[in-house]
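Note sheet for the following structure.
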Amino acid sequence: MEAEAAKFIGAGLAGTALIGAGIGIGSIFSKYLEGALRNPSAAAGQRTNLLLGFALCEATGLFGFVLAMIILFS
Amino acid sequence: MASGPMEQFQIDRQVDLFEIAGQTVSWTNSAFWMVASVLAIIAFFVLTMRGKLIPGRMQSLGELSYEFIADMVRDTVGPEAMRFMPFVFALFFFILFANLIGMNPYAFTTTSHLAVTAAMAIFTILIVMVAGIWKNGFKWFKIFAPAGLPLPMYAIIIPIEIISFLSRPVTLAVRLFANMVAGHVMLKLFAIFAAYLIAKGGVTALGAILPIAGTIAIVALEFLVAALQAFVFAILTCVYLNDVYHVEH
């Protein structure tokens with residue numbers, strides 16, 4: 001296999017980190033909605049934690065993106 | 001039209017200023033947009049600063065933004081951390097304005113460079129470390145060893161805690177940088193696709209409606225992300241500042 005082709009395959013594989021991030025973000029928001037519908041009065045207080053969890057989760061997916069960029073452009 | 005998606009992150013040297021140790025320090029487009037966002041922040045607060053007893057629309061905007069950050073610091077760390085509030089405030093507004101200004105066509109997004117975000121993240125962590133040691137002395141290192149564990153566990157927990165502490169500036173910097181880069185690349189890809197379709201002409205030009213609609217949707221998403229990332233950076237700074245004041249877990 002040519003080195004250039006392997007590079008593109010590697011960048012594509014690094015993009016699979018988004019699978020986990022997608023599952024994680026989905027589960028965060030679904031669990032938040034579940035909890036918020038059960039106890040709407042407590043929902044507003046947890047919005048900070050919701051966004052925090054979302055950001056932490058999204059970051060793991062973006063590490064994959066950064067990895068792909070590093071593979072492609074360096 | 002044929003410009004690639006990564007060319008918007010190009011740094012142009014506009015004026016070469018002076019040299020330090022063989023490296024040329026230049027006034028770049030990045031520096032220009034950074035100064036522009038700082039000036040925009042100053043203009044925003046000068047406009048909203050006129051203190052009247054009955055606040056008008058502009059004044060309540062300024063008061064809201066103050067209250068927003070003050071509440072964030074008070075809720076996540078506690079009232080004793082209010083001396084760090086100006087720092088969190090400055091961080092939040094610099095990132096917010098840099099992100100929002102970067103959303104304008106032909107503007108440069110300063111936060112899309114790892115050097116900028118890493119500088120802010122490293123500074124944040126240094127402040128946490130220096131303030132923590134300043135306030136607690138060497139007791140501050142207890143944050144790496146949570147109390148109430150069986151003794152053999154410490155052999156595993158302490159390295160994990162140290163690694164997680166040291167990875168904080170990395171994640172803080174990479175999160176903001178990667179979010180901005182990913183968003184702008186995606187935006188540019190859709191826009192280039194639409195431009196190519198229109199250039200083909202005929203029936204294919206009609207197909208450009210879809211990518212244009214996608215571009216509009218992504219612009220809306222990017223404005224959300226711009227505000228959200230500024231918020232996340234500020235609130236994570238608050239969470240890390242927690243370690244200064246609450247050493248005993």
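Chain lettering (A, B, ...) mirrors the order of the structure tokens, residue numbering begins at 1 for each chain separately, and ligand numbering begins at 1 in order of display.
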Find the residues in chain A near chain B: any atom within 8 Å counts, using only C-alpha atoms. Write them as a PDB file with C-alpha atoms, in the first residue's frame.
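So out.pdb came out as:
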ATOM      1  CA  LEU A  51     -23.804  21.877  29.251  1.00  0.00           C
ATOM      2  CA  LEU A  52     -20.661  20.896  31.128  1.00  0.00           C
ATOM      3  CA  ALA A  55     -18.800  20.004  26.402  1.00  0.00           C
ATOM      4  CA  ALA A  59     -14.237  17.303  23.397  1.00  0.00           C
ATOM      5  CA  LEU A  62     -12.989  16.544  18.697  1.00  0.00           C
ATOM      6  CA  PHE A  63      -9.720  14.964  19.791  1.00  0.00           C
ATOM      7  CA  PHE A  65     -10.910  15.352  14.618  1.00  0.00           C
ATOM      8  CA  VAL A  66      -7.663  16.999  15.692  1.00  0.00           C
TER       9      VAL A  66
END
Counting only C-alpha atoms, what is within 9 Å of Ala205 (chain B), bar same-chain residues fewer than 4 positions away, as JSON, numbers by chain?
{"B": [194, 195, 196, 197, 198, 199, 200, 201, 209]}
Using only N, CA and C atoms, please write the residues we just selected to a file, as a PDB file, in the first residue's frame.
ATOM      1  N   ALA B 194     -21.524  24.499  -2.762  1.00  0.00           N
ATOM      2  CA  ALA B 194     -22.589  25.280  -3.391  1.00  0.00           C
ATOM      3  C   ALA B 194     -22.013  26.118  -4.532  1.00  0.00           C
ATOM      4  N   ALA B 195     -20.840  26.715  -4.320  1.00  0.00           N
ATOM      5  CA  ALA B 195     -20.236  27.572  -5.340  1.00  0.00           C
ATOM      6  C   ALA B 195     -19.903  26.761  -6.585  1.00  0.00           C
ATOM      7  N   TYR B 196     -19.386  25.539  -6.411  1.00  0.00           N
ATOM      8  CA  TYR B 196     -19.069  24.695  -7.559  1.00  0.00           C
ATOM      9  C   TYR B 196     -20.330  24.341  -8.325  1.00  0.00           C
ATOM     10  N   LEU B 197     -21.396  24.000  -7.598  1.00  0.00           N
ATOM     11  CA  LEU B 197     -22.634  23.605  -8.265  1.00  0.00           C
ATOM     12  C   LEU B 197     -23.188  24.760  -9.090  1.00  0.00           C
ATOM     13  N   ILE B 198     -23.132  25.986  -8.509  1.00  0.00           N
ATOM     14  CA  ILE B 198     -23.659  27.141  -9.233  1.00  0.00           C
ATOM     15  C   ILE B 198     -22.805  27.409 -10.466  1.00  0.00           C
ATOM     16  N   ALA B 199     -21.486  27.226 -10.342  1.00  0.00           N
ATOM     17  CA  ALA B 199     -20.580  27.494 -11.460  1.00  0.00           C
ATOM     18  C   ALA B 199     -20.846  26.547 -12.621  1.00  0.00           C
ATOM     19  N   LYS B 200     -21.341  25.330 -12.323  1.00  0.00           N
ATOM     20  CA  LYS B 200     -21.673  24.372 -13.389  1.00  0.00           C
ATOM     21  C   LYS B 200     -22.814  24.891 -14.252  1.00  0.00           C
ATOM     22  N   GLY B 201     -23.743  25.614 -13.624  1.00  0.00           N
ATOM     23  CA  GLY B 201     -24.868  26.168 -14.373  1.00  0.00           C
ATOM     24  C   GLY B 201     -25.910  25.117 -14.711  1.00  0.00           C
ATOM     25  N   ILE B 209     -29.334  24.572  -3.915  1.00  0.00           N
ATOM     26  CA  ILE B 209     -30.247  25.011  -2.847  1.00  0.00           C
ATOM     27  C   ILE B 209     -29.977  24.247  -1.561  1.00  0.00           C
TER      28      ILE B 209
END
Run DSSP on the backbone and grab whatever in region 3-231 of chain B lands in strand (DSSP E or B); send it over as an MDAnalysis selection string.
chainID B and resid 13:20 23:28
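Atom pair CA of Val244 (chain B) / CA of Lys142 (chain B): separated by 11.1 Å.
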Within 12 Å of region 154-169 of chain B, counting only C-alpha atoms, which residues show up once you throw out same-chain ones fewer than 2 positions away? Write them as a VMD selection string, please.
(chain A and resid 56 59) or (chain B and resid 114 117 to 129 141 to 152 171 to 176 233 236 to 237 239 to 240 243)
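Using only C-alpha atoms, the shortest contact distance between Phe68 (chain B) and any of B:Phe92, B:Phe190, B:Phe84, B:Phe223 is found at B:Phe92.
Proximity to Val116 (chain B) was assessed for B:Ala213, B:Ala70, B:Ile95, B:Met85 counting only C-alpha atoms; the smallest distance is recorded for B:Ile95.
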